[in-house]
$ cat coords_18.txt   # compact mmCIF, C-alpha atoms
# COMPACT_ATOMS: atom_id res chain seq x y z
CA MET G 1 -89.74 156.07 24.48
CA ALA G 2 -86.95 153.63 24.76
CA ASP G 3 -89.05 150.49 24.59
CA MET G 4 -90.83 151.42 21.40
CA VAL G 5 -89.87 151.22 17.75
CA GLN G 6 -91.05 153.32 14.84
CA PHE G 7 -93.40 151.09 12.88
CA ASP G 8 -94.35 151.87 9.29
CA LEU G 9 -96.44 149.83 6.93
CA VAL G 10 -96.46 151.12 3.37
CA CYS G 11 -97.91 149.71 0.20
CA PRO G 12 -97.56 151.17 -3.31
CA GLU G 13 -100.72 153.23 -3.25
CA ARG G 14 -100.62 154.55 0.26
CA SER G 15 -99.14 154.35 3.69
CA LEU G 16 -101.29 152.08 5.86
CA ALA G 17 -99.87 152.65 9.30
CA SER G 18 -97.21 154.70 10.95
CA GLY G 19 -96.55 155.06 14.65
CA LYS G 20 -94.83 153.68 17.70
CA ALA G 21 -95.07 150.00 18.43
CA SER G 22 -93.67 147.88 21.22
CA GLU G 23 -93.41 144.78 19.09
CA VAL G 24 -94.35 143.58 15.66
CA LEU G 25 -95.14 140.03 14.67
CA ILE G 26 -94.03 139.47 11.10
CA PRO G 27 -94.73 136.58 8.71
CA GLY G 28 -91.21 136.32 7.31
CA SER G 29 -90.55 134.02 4.38
CA GLU G 30 -88.21 131.94 6.52
CA GLY G 31 -90.58 131.84 9.47
CA GLU G 32 -92.51 134.04 11.84
CA LEU G 33 -90.49 136.55 13.73
CA THR G 34 -91.12 139.21 16.31
CA ALA G 35 -89.30 142.49 16.07
CA GLY G 36 -89.02 144.84 19.00
CA PRO G 37 -86.68 147.53 20.26
CA GLY G 38 -83.02 146.66 19.92
CA HIS G 39 -83.58 143.96 17.31
CA GLU G 40 -80.53 143.42 15.22
CA PRO G 41 -80.74 144.99 11.78
CA MET G 42 -82.12 142.62 9.23
CA LEU G 43 -83.89 142.49 5.92
CA THR G 44 -86.30 139.73 5.08
CA THR G 45 -88.97 139.01 2.53
CA LEU G 46 -92.58 138.35 3.51
CA ARG G 47 -94.92 135.50 2.84
CA PRO G 48 -98.70 135.86 2.88
CA GLY G 49 -99.92 136.05 6.45
CA PHE G 50 -101.08 138.11 9.35
CA LEU G 51 -98.97 140.91 10.66
CA ARG G 52 -99.68 142.19 14.14
CA ALA G 53 -98.31 145.39 15.60
CA GLU G 54 -98.65 146.21 19.29
CA MET G 55 -99.18 149.92 18.90
CA GLU G 56 -99.81 152.58 21.49
CA GLY G 57 -103.53 152.51 20.91
CA GLY G 58 -103.72 148.71 21.08
CA ALA G 59 -102.87 145.86 18.76
CA GLN G 60 -103.46 146.33 15.05
CA ASP G 61 -103.76 143.48 12.62
CA PHE G 62 -102.93 143.54 8.96
CA VAL G 63 -102.90 141.07 6.14
CA VAL G 64 -99.89 141.19 3.85
CA THR G 65 -99.23 139.11 0.79
CA HIS G 66 -95.87 140.03 -0.60
CA GLY G 67 -93.04 142.39 0.12
CA PHE G 68 -90.20 142.79 2.54
CA VAL G 69 -89.35 144.15 5.97
CA GLU G 70 -86.48 146.30 7.02
CA ILE G 71 -85.75 145.97 10.72
CA SER G 72 -83.32 148.05 12.69
CA ALA G 73 -82.89 148.68 16.43
CA GLN G 74 -85.24 151.67 16.32
CA SER G 75 -87.57 150.95 13.46
CA VAL G 76 -89.59 148.33 11.63
CA SER G 77 -90.56 149.22 8.07
CA VAL G 78 -92.84 146.87 6.25
CA ILE G 79 -92.83 147.48 2.53
CA ALA G 80 -95.66 145.34 1.25
CA GLU G 81 -96.76 145.02 -2.33
CA ARG G 82 -100.29 144.28 -1.16
CA ALA G 83 -101.52 144.94 2.33
CA PHE G 84 -104.89 145.37 3.98
CA ALA G 85 -106.03 146.24 7.44
CA ALA G 86 -107.34 142.95 8.81
CA ALA G 87 -110.68 144.55 9.60
CA ASP G 88 -111.49 145.40 6.01
CA VAL G 89 -109.93 142.59 4.10
CA ALA G 90 -112.47 140.54 2.22
CA ARG G 91 -112.10 136.98 1.12
CA PRO G 92 -112.80 137.76 -2.55
CA ASP G 93 -109.75 140.09 -2.61
CA LEU G 94 -107.48 137.33 -1.43
CA GLU G 95 -109.13 134.75 -3.61
CA ALA G 96 -108.50 136.95 -6.63
CA ILE G 97 -104.82 137.10 -5.75
CA LEU G 98 -104.85 133.35 -5.23
CA ASP G 99 -106.37 132.70 -8.64
CA GLU G 100 -103.83 134.93 -10.30
CA ALA G 101 -100.97 133.16 -8.55
CA ARG G 102 -102.39 129.78 -9.58
CA ASP G 103 -102.56 130.89 -13.19
CA ARG G 104 -98.98 132.04 -13.08
CA MET G 105 -97.94 128.80 -11.45
CA GLU G 106 -99.40 126.79 -14.28
CA GLN G 107 -97.58 128.89 -16.82
CA ALA G 108 -94.30 128.99 -14.96
CA ALA G 109 -91.60 127.43 -17.07
CA GLU G 110 -88.74 127.24 -14.63
CA ASP G 111 -88.84 124.92 -11.65
CA GLU G 112 -87.47 127.56 -9.35
CA GLU G 113 -90.24 129.97 -10.23
CA ARG G 114 -92.88 127.27 -9.85
CA HIS G 115 -91.60 126.22 -6.44
CA GLY G 116 -91.73 129.82 -5.28
CA LEU G 117 -95.29 130.19 -6.53
CA GLU G 118 -96.34 126.87 -5.05
CA ARG G 119 -95.22 128.06 -1.65
CA PHE G 120 -96.96 131.37 -2.19
CA VAL G 121 -100.22 129.60 -3.06
CA ALA G 122 -99.94 127.24 -0.08
CA ASP G 123 -99.35 130.14 2.29
CA LEU G 124 -102.25 132.04 0.83
CA VAL G 125 -104.60 129.08 1.15
CA HIS G 126 -103.53 128.70 4.75
CA LEU G 127 -104.15 132.40 5.32
CA ILE G 128 -107.63 132.25 3.85
CA ASP G 129 -108.45 129.19 5.97
CA GLN G 130 -107.30 131.03 9.05
CA MET G 131 -109.69 133.84 8.40
CA ASP G 132 -112.75 131.80 9.14
CA MET W 1 -117.09 194.88 -42.10
CA PRO W 2 -119.11 192.22 -40.27
CA SER W 3 -122.71 193.04 -39.62
CA LEU W 4 -124.12 193.57 -36.15
CA LYS W 5 -125.72 190.17 -36.22
CA ASP W 6 -122.42 188.50 -37.13
CA LEU W 7 -120.69 190.19 -34.25
CA LYS W 8 -123.40 189.22 -31.84
CA ASN W 9 -123.18 185.57 -32.89
CA ARG W 10 -119.44 185.67 -32.65
CA ILE W 11 -119.54 187.03 -29.09
CA ALA W 12 -122.06 184.41 -28.06
CA SER W 13 -119.90 181.61 -29.45
CA VAL W 14 -116.72 182.87 -27.78
CA LYS W 15 -118.64 183.16 -24.53
CA SER W 16 -119.75 179.56 -24.67
CA THR W 17 -116.20 178.48 -25.50
CA ARG W 18 -115.03 180.38 -22.45
CA LYS W 19 -117.55 178.56 -20.33
CA ILE W 20 -116.21 175.23 -21.56
CA THR W 21 -112.56 176.09 -20.98
CA LYS W 22 -113.39 177.48 -17.57
CA ALA W 23 -115.19 174.26 -16.65
CA MET W 24 -112.30 172.16 -17.97
CA GLN W 25 -109.89 174.21 -15.91
CA MET W 26 -111.88 173.61 -12.76
CA VAL W 27 -112.20 169.90 -13.44
CA ALA W 28 -108.47 169.73 -14.06
CA ALA W 29 -107.81 171.55 -10.81
CA ALA W 30 -109.90 169.04 -8.87
CA LYS W 31 -108.28 166.13 -10.68
CA LEU W 32 -104.85 167.63 -10.12
CA ARG W 33 -105.42 167.68 -6.38
CA ARG W 34 -106.41 164.02 -6.48
CA ALA W 35 -103.46 163.11 -8.68
CA GLN W 36 -101.08 164.96 -6.41
CA ASP W 37 -102.50 163.20 -3.36
CA ALA W 38 -102.05 159.86 -5.08
CA ALA W 39 -98.47 160.70 -6.01
CA GLU W 40 -97.81 161.89 -2.49
CA ALA W 41 -99.31 158.75 -0.95
CA ALA W 42 -97.17 156.53 -3.14
CA ARG W 43 -93.95 158.30 -2.35
CA PRO W 44 -93.07 156.55 0.97
CA TYR W 45 -93.24 153.16 -0.71
CA SER W 46 -91.05 154.00 -3.66
CA GLU W 47 -88.58 155.93 -1.53
CA ARG W 48 -88.10 153.09 0.92
CA PHE W 49 -88.10 150.53 -1.82
CA ASN W 50 -85.41 152.36 -3.73
CA ALA W 51 -83.32 152.95 -0.62
CA VAL W 52 -83.28 149.24 0.16
CA MET W 53 -82.64 148.35 -3.46
CA ALA W 54 -79.78 150.82 -3.69
CA SER W 55 -78.04 149.38 -0.65
CA LEU W 56 -78.62 145.82 -1.86
CA ALA W 57 -77.46 146.66 -5.34
CA ALA W 58 -74.35 148.32 -3.99
CA SER W 59 -73.34 145.19 -2.08
CA VAL W 60 -74.27 142.61 -4.70
CA GLY W 61 -73.90 144.65 -7.88
CA GLY W 62 -70.17 144.07 -8.34
CA SER W 63 -70.30 140.30 -8.22
CA ASP W 64 -70.49 138.09 -11.28
CA THR W 65 -73.69 136.50 -10.13
CA ALA W 66 -75.62 139.77 -10.14
CA PRO W 67 -79.05 139.34 -11.76
CA ARG W 68 -79.43 140.44 -15.36
CA LEU W 69 -81.99 143.06 -14.44
CA LEU W 70 -79.26 144.82 -12.49
CA ALA W 71 -76.11 144.01 -14.43
CA GLY W 72 -77.69 144.15 -17.87
CA THR W 73 -77.18 141.76 -20.73
CA GLY W 74 -73.70 143.04 -21.41
CA SER W 75 -74.86 144.87 -24.50
CA ASP W 76 -76.84 148.00 -25.28
CA GLN W 77 -77.64 147.18 -28.89
CA VAL W 78 -81.41 146.94 -28.66
CA GLN W 79 -83.06 149.81 -26.86
CA LEU W 80 -86.66 149.87 -25.71
CA LEU W 81 -88.24 153.27 -25.25
CA ILE W 82 -91.39 153.30 -23.17
CA VAL W 83 -93.17 156.53 -23.97
CA MET W 84 -95.84 157.50 -21.48
CA THR W 85 -98.29 160.20 -22.45
CA ALA W 86 -101.88 161.16 -21.79
CA GLU W 87 -104.99 159.62 -23.28
CA ARG W 88 -106.45 163.01 -24.06
CA GLY W 89 -105.30 166.26 -25.56
CA LEU W 90 -106.08 169.84 -24.67
CA CYS W 91 -103.30 169.95 -22.15
CA GLY W 92 -100.87 172.40 -23.69
CA GLY W 93 -97.47 171.09 -24.67
CA PHE W 94 -97.62 168.16 -22.28
CA ASN W 95 -97.80 165.32 -24.81
CA SER W 96 -95.65 167.02 -27.41
CA SER W 97 -92.79 167.71 -25.03
CA ILE W 98 -92.58 164.08 -23.94
CA VAL W 99 -92.81 162.87 -27.53
CA LYS W 100 -90.16 165.37 -28.59
CA LEU W 101 -87.74 164.11 -25.96
CA ALA W 102 -88.39 160.50 -26.95
CA ARG W 103 -88.06 161.27 -30.65
CA THR W 104 -84.74 163.05 -30.17
CA LYS W 105 -83.44 160.11 -28.17
CA ALA W 106 -84.70 157.60 -30.74
CA ASN W 107 -83.05 159.45 -33.60
CA GLU W 108 -79.79 159.71 -31.66
CA LEU W 109 -79.81 155.98 -31.01
CA ILE W 110 -80.62 155.15 -34.62
CA LYS W 111 -77.78 157.36 -35.75
CA ALA W 112 -75.46 155.51 -33.37
CA GLY W 113 -76.46 152.27 -35.08
CA LYS W 114 -78.65 150.86 -32.32
CA THR W 115 -81.93 149.08 -32.79
CA VAL W 116 -84.81 151.02 -31.33
CA LYS W 117 -88.13 149.61 -30.22
CA ILE W 118 -90.96 151.71 -28.92
CA LEU W 119 -93.72 150.83 -26.49
CA THR W 120 -96.33 153.51 -26.01
CA VAL W 121 -98.56 154.08 -23.03
CA GLY W 122 -101.35 156.53 -23.73
CA LYS W 123 -103.03 157.31 -27.03
CA LYS W 124 -101.63 160.75 -27.71
CA GLY W 125 -97.99 159.73 -27.79
CA ARG W 126 -98.81 156.86 -30.10
CA GLU W 127 -100.62 159.14 -32.54
CA GLN W 128 -97.70 161.53 -32.70
CA LEU W 129 -94.99 158.90 -32.99
CA LYS W 130 -96.86 156.78 -35.50
CA ARG W 131 -96.13 159.22 -38.28
CA ASP W 132 -92.35 158.91 -38.45
CA LEU W 133 -91.45 156.05 -36.11
CA GLY W 134 -94.48 153.83 -36.61
CA ASP W 135 -92.50 150.84 -37.84
CA LEU W 136 -90.48 150.73 -34.61
CA MET W 137 -93.52 150.27 -32.42
CA ILE W 138 -93.86 146.92 -30.76
CA GLY W 139 -96.83 147.55 -28.56
CA HIS W 140 -99.29 149.91 -27.00
CA VAL W 141 -100.90 150.06 -23.58
CA ASP W 142 -104.33 151.57 -23.51
CA LEU W 143 -105.31 153.25 -20.26
CA SER W 144 -108.29 155.17 -21.59
CA GLU W 145 -110.70 152.99 -19.65
CA VAL W 146 -108.80 153.49 -16.43
CA LYS W 147 -110.35 156.10 -14.17
CA ARG W 148 -107.78 155.93 -11.44
CA ILE W 149 -104.28 154.66 -12.02
CA GLY W 150 -103.60 151.82 -9.63
CA TYR W 151 -100.57 149.69 -8.91
CA ASP W 152 -102.22 146.92 -10.90
CA ASN W 153 -101.91 148.97 -14.09
CA ALA W 154 -98.21 149.47 -13.48
CA GLN W 155 -97.79 145.80 -12.69
CA ALA W 156 -99.41 144.80 -15.96
CA ILE W 157 -97.06 147.04 -17.93
CA ALA W 158 -94.08 145.77 -15.96
CA LYS W 159 -95.10 142.17 -16.60
CA ASP W 160 -95.21 142.82 -20.33
CA VAL W 161 -91.84 144.56 -20.29
CA LEU W 162 -90.22 141.85 -18.17
CA ALA W 163 -91.56 139.10 -20.41
CA ARG W 164 -90.01 140.85 -23.39
CA PHE W 165 -86.75 141.24 -21.51
CA ASP W 166 -86.67 137.55 -20.58
CA ALA W 167 -87.36 136.70 -24.20
CA GLY W 168 -84.29 138.71 -25.14
CA GLU W 169 -86.20 141.32 -27.12
CA PHE W 170 -84.16 144.23 -25.79
CA ASP W 171 -81.12 145.09 -23.67
CA VAL W 172 -81.92 148.49 -22.23
CA ALA W 173 -85.29 150.00 -21.32
CA THR W 174 -85.92 153.67 -20.72
CA ILE W 175 -89.17 155.31 -19.68
CA PHE W 176 -90.23 158.76 -20.84
CA TYR W 177 -92.64 160.79 -18.75
CA ALA W 178 -93.10 164.28 -17.35
CA LYS W 179 -92.06 165.01 -13.81
CA PHE W 180 -94.46 167.25 -11.98
CA GLN W 181 -92.85 170.37 -10.60
CA SER W 182 -95.68 172.82 -10.43
CA VAL W 183 -98.83 173.74 -12.29
CA ILE W 184 -96.80 175.71 -14.81
CA ALA W 185 -93.73 173.50 -14.97
CA GLN W 186 -93.62 169.83 -15.98
CA VAL W 187 -90.24 168.45 -16.89
CA PRO W 188 -90.05 165.75 -19.56
CA THR W 189 -87.77 163.09 -18.17
CA ALA W 190 -86.01 160.00 -19.44
CA GLN W 191 -85.21 157.34 -16.89
CA GLN W 192 -83.49 154.04 -17.47
CA ILE W 193 -85.23 151.18 -15.69
CA ILE W 194 -83.51 148.11 -17.12
CA PRO W 195 -80.75 147.51 -16.19
CA ALA W 196 -81.76 149.15 -12.93
CA GLN W 197 -79.96 152.29 -11.95
CA PHE W 198 -79.96 153.70 -8.47
CA GLU W 199 -78.85 157.02 -7.23
CA THR W 200 -75.66 155.93 -5.59
CA THR W 201 -75.66 158.27 -2.66
CA ALA W 202 -72.23 157.77 -1.23
CA GLU W 203 -73.49 158.33 2.28
CA GLU W 204 -72.72 156.18 5.28
CA ALA W 205 -73.18 152.55 4.39
CA GLY W 206 -76.29 151.95 6.57
CA PRO W 207 -76.34 149.32 9.27
CA LEU W 208 -75.09 145.87 8.39
CA TYR W 209 -78.17 143.79 7.81
CA ASP W 210 -78.82 140.17 8.36
CA TYR W 211 -80.47 138.83 5.26
CA GLU W 212 -83.15 136.21 5.27
CA PRO W 213 -83.03 134.54 2.74
CA SER W 214 -79.72 135.51 1.16
CA GLU W 215 -78.93 138.93 -0.27
CA GLU W 216 -79.00 137.57 -3.80
CA ALA W 217 -82.36 135.87 -3.31
CA ILE W 218 -83.93 139.02 -1.94
CA LEU W 219 -82.50 141.08 -4.75
CA ALA W 220 -83.72 138.63 -7.38
CA ASP W 221 -87.16 138.82 -5.81
CA LEU W 222 -87.20 142.58 -5.61
CA LEU W 223 -85.76 143.63 -8.97
CA PRO W 224 -88.83 142.75 -11.05
CA ARG W 225 -90.97 144.53 -8.49
CA GLY W 226 -88.66 147.51 -8.75
CA VAL W 227 -89.59 147.83 -12.42
CA ALA W 228 -93.28 147.95 -11.49
CA THR W 229 -92.59 150.45 -8.73
CA GLN W 230 -90.75 152.78 -11.05
CA ILE W 231 -93.40 152.54 -13.72
CA PHE W 232 -96.09 153.20 -11.12
CA ALA W 233 -94.26 156.26 -9.80
CA ALA W 234 -93.84 157.54 -13.36
CA LEU W 235 -97.52 156.98 -14.17
CA LEU W 236 -98.56 158.96 -11.11
CA GLU W 237 -96.13 161.80 -11.87
CA ASN W 238 -97.44 161.82 -15.40
CA GLY W 239 -101.03 161.95 -14.17
CA ALA W 240 -100.33 164.96 -11.99
CA SER W 241 -98.34 166.65 -14.77
CA GLU W 242 -101.12 166.11 -17.29
CA GLN W 243 -103.71 167.73 -15.06
CA GLY W 244 -101.34 170.56 -14.19
CA ALA W 245 -100.61 171.20 -17.85
CA ARG W 246 -104.29 171.06 -18.74
CA MET W 247 -105.14 173.43 -15.93
CA SER W 248 -102.69 176.08 -17.08
CA ALA W 249 -103.58 175.57 -20.75
CA MET W 250 -107.27 176.02 -19.98
CA ASP W 251 -106.53 179.00 -17.76
CA ASN W 252 -104.77 180.63 -20.70
CA ALA W 253 -107.61 179.74 -23.02
CA THR W 254 -110.17 181.24 -20.64
CA ARG W 255 -108.17 184.44 -20.40
CA ASN W 256 -107.76 184.66 -24.16
CA ALA W 257 -111.47 184.13 -24.64
CA GLY W 258 -112.14 186.98 -22.19
CA ASP W 259 -109.82 189.31 -24.12
CA MET W 260 -111.51 188.37 -27.36
CA ILE W 261 -114.96 189.04 -25.94
CA ASP W 262 -113.81 192.50 -24.80
CA ARG W 263 -112.44 193.27 -28.25
CA LEU W 264 -115.53 192.03 -30.01
CA THR W 265 -117.81 193.93 -27.64
CA ILE W 266 -116.02 197.20 -28.41
CA GLU W 267 -116.29 196.51 -32.12
CA PHE W 268 -119.97 195.67 -31.70
CA ASN W 269 -120.68 198.89 -29.80
CA ARG W 270 -118.82 200.95 -32.36
CA SER W 271 -120.74 199.45 -35.25
CA ARG W 272 -124.02 199.93 -33.43
CA GLN W 273 -123.13 203.58 -32.78
CA ALA W 274 -122.21 203.99 -36.43
CA VAL W 275 -125.59 202.61 -37.47
CA ILE W 276 -127.39 204.99 -35.14
CA THR W 277 -125.36 207.96 -36.37
CA ASN W 278 -126.09 207.00 -39.94
CA GLU W 279 -129.80 206.85 -39.26
CA LEU W 280 -129.71 210.22 -37.54
CA ILE W 281 -127.89 211.77 -40.48
CA GLU W 282 -130.47 210.33 -42.84
CA ILE W 283 -133.38 211.64 -40.76
CA ILE W 284 -131.80 215.09 -40.39
CA SER W 285 -130.90 215.41 -44.06
CA GLY W 286 -134.38 214.15 -44.95
CA ALA W 287 -135.95 216.83 -42.72
CA GLU W 288 -133.73 219.54 -44.22
CA ALA W 289 -134.72 218.56 -47.73
CA LEU W 290 -138.38 219.25 -46.98
$ encode --input "coords_18.txt" --output "structure tokens"
Amino acid sequence: MADMVQFDLVCPERSLASGKASEVLIPGSEGELTAGPGHEPMLTTLRPGFLRAEMEGGAQDFVVTHGFVEISAQSVSVIAERAFAAADVARPDLEAILDEARDRMEQAAEDEERHGLERFVADLVHLIDQMD
Amino acid sequence: MPSLKDLKNRIASVKSTRKITKAMQMVAAAKLRRAQDAAEAARPYSERFNAVMASLAASVGGSDTAPRLLAGTGSDQVQLLIVMTAERGLCGGFNSSIVKLARTKANELIKAGKTVKILTVGKKGREQLKRDLGDLMIGHVDLSEVKRIGYDNAQAIAKDVLARFDAGEFDVATIFYAKFQSVIAQVPTAQQIIPAQFETTAEEAGPLYDYEPSEEAILADLLPRGVATQIFAALLENGASEQGARMSAMDNATRNAGDMIDRLTIEFNRSRQAVITNELIEIISGAEAL
């Protein structure tokens, strides 16, 4: 179909979703963006947040924490380091990631690294708050 | 000439050994299927990841500002060999062939005047390398408690390696593992992970991407993750190879045990027949003497 894109969501251990989607809402590191058919090719990193894909069988929600997205006119590939289907994500999982990031932040020597981690932690806290 | 009783005991013991090897073979077959599924499931991620990295690396790689993980430190004096083997034996030549490849490489490098450091993953490789290259070892990763290799395990190894790289402990890192081809063929492989190398497929230079944030920022973010991805892929390949090697080794052992039982059974029957014949002769000659 012309008004659909190939949507793939993969994480290191398995492929979470693959199919046709009419649009995908992505939590890009520089801001939310929506990718649909005919989007100009772009590559962006992700920040922790909700990712929603309007698939043929209805909307599907996912939670992603880190990774990047490759968007072209016909496809959206989300390559996430950690991703969960929103239905089975549990707070403890995210809180574990949060704790780890906080630890790393405290140890971070370089300012640049710490700023990056601070943003990561803030986004993650926001994400966890949103879940309630 | 062993007695009948000896032979009987011997047959019984070979039979129980055969039962064990047969069971191990079946366990390995089940584990192999799981390991292969895991490797299969992980493939889309690493393929896409590497494709994006390769195109990014191709466009940024030439510049002076390229990250050190990609461009290297400008030297190849200190080499880190990451040798990944199994935690357990009884899997044919699996561990030895990886160790052999790593040892050859280490000796070559030493001969060329380089400094070699070795990081082992898996107990078996460590045991074998300890004998002659023990003083080059800088660390060991124990995965014996890990039931199922996850990305977290790879991340932990990558973190350790990256910390050492940042501390300037080495210039070049290479991983050694066995690529899974089939149940009977596992290919020991050496793969350089730092500085990162990508298969530069000189195909059409994909679509021109918009980058958000900049190309360099994305690359700097991705390169450390690339190390973890490659280590993870290697761990999974290794897992499948180990089970494949164990399966064929145990299959051989089961078959050998069967052959041995056949041989021993024939010998047992012959000896029994000889005993009977002897007794008959004694009875007959006894009767004749009367």
$ residues_around --input "coords_18.txt" --residues "segment 119-135 of chain W" --least-positions-apart "2" --cutoff "8 Å" --atoms "all atoms listed in the file" --output "list in words"
Leu80, Leu81, Ile82, Val83, Met84, Thr85, Ala86, Glu87, Arg88, Gly89, Asn95, Ser96, Ile98, Val99, Arg103, Lys117, Met137, Ile138, Gly139, His140, Val141, Asp142, Leu143 and Ser144 of chain W
$ interface_residues --input "coords_18.txt" --of "chain W" --to "chain G" --cutoff "10 Å" --atoms "all atoms listed in the file" --output "ChimeraX atom specification"
/W:37-46,48-49,52,56,149-152,206-215,217-219,221-222,225,228-229,232-233,236
$ residues_around --input "coords_18.txt" --residues "Arg114 of chain G" --least-positions-apart "4" --cutoff "6 Å" --atoms "all atoms listed in the file" --output "PyMOL selection string"
chain G and resi 105+108+118
$ atom_distance --input "coords_18.txt" --atom1 "atom CA of Lys105 of chain W" --atom2 "atom CA of Ala58 of chain W"
28.4 Å
$ atom_distance --input "coords_18.txt" --atom1 "atom CA of His126 of chain G" --atom2 "atom CA of Glu23 of chain G"
23.8 Å
$ atom_distance --input "coords_18.txt" --atom1 "atom CA of Phe268 of chain W" --atom2 "atom CA of Ser13 of chain W"
14.2 Å
$ residues_around --input "coords_18.txt" --residues "Ser182 of chain W" --least-positions-apart "6" --cutoff "10 Å" --atoms "all atoms listed in the file" --output "PyMOL selection string"
chain W and resi 240-241+244-245
$ decode --input "coords_18.txt" --residues "segment 21-50 of chain W" --atoms "C-alpha atoms" --output "CSV table (one decimal), in the first residue's frame"
chain,number,residue,atom,x,y,z
W,21,THR,CA,27.0,-39.7,26.2
W,22,LYS,CA,23.7,-40.3,24.5
W,23,ALA,CA,21.9,-38.1,27.1
W,24,MET,CA,24.6,-35.4,26.7
W,25,GLN,CA,24.1,-35.5,23.0
W,26,MET,CA,20.3,-35.0,23.3
W,27,VAL,CA,20.7,-32.2,25.8
W,28,ALA,CA,23.2,-30.5,23.5
W,29,ALA,CA,20.8,-30.9,20.6
W,30,ALA,CA,18.0,-29.2,22.6
W,31,LYS,CA,20.4,-26.5,23.7
W,32,LEU,CA,21.7,-26.1,20.2
W,33,ARG,CA,18.2,-25.3,18.9
W,34,ARG,CA,17.8,-22.7,21.6
W,35,ALA,CA,21.2,-21.2,21.0
W,36,GLN,CA,20.5,-21.1,17.3
W,37,ASP,CA,17.1,-19.4,17.8
W,38,ALA,CA,18.8,-16.8,20.1
W,39,ALA,CA,21.5,-16.2,17.4
W,40,GLU,CA,18.8,-15.9,14.8
W,41,ALA,CA,16.7,-13.5,16.8
W,42,ALA,CA,19.7,-11.3,17.4
W,43,ARG,CA,20.7,-11.1,13.8
W,44,PRO,CA,18.3,-8.3,12.6
W,45,TYR,CA,19.6,-5.9,15.3
W,46,SER,CA,23.3,-6.5,14.6
W,47,GLU,CA,22.8,-6.4,10.8
W,48,ARG,CA,20.9,-3.1,10.9
W,49,PHE,CA,23.3,-1.7,13.5
W,50,ASN,CA,26.3,-2.5,11.4
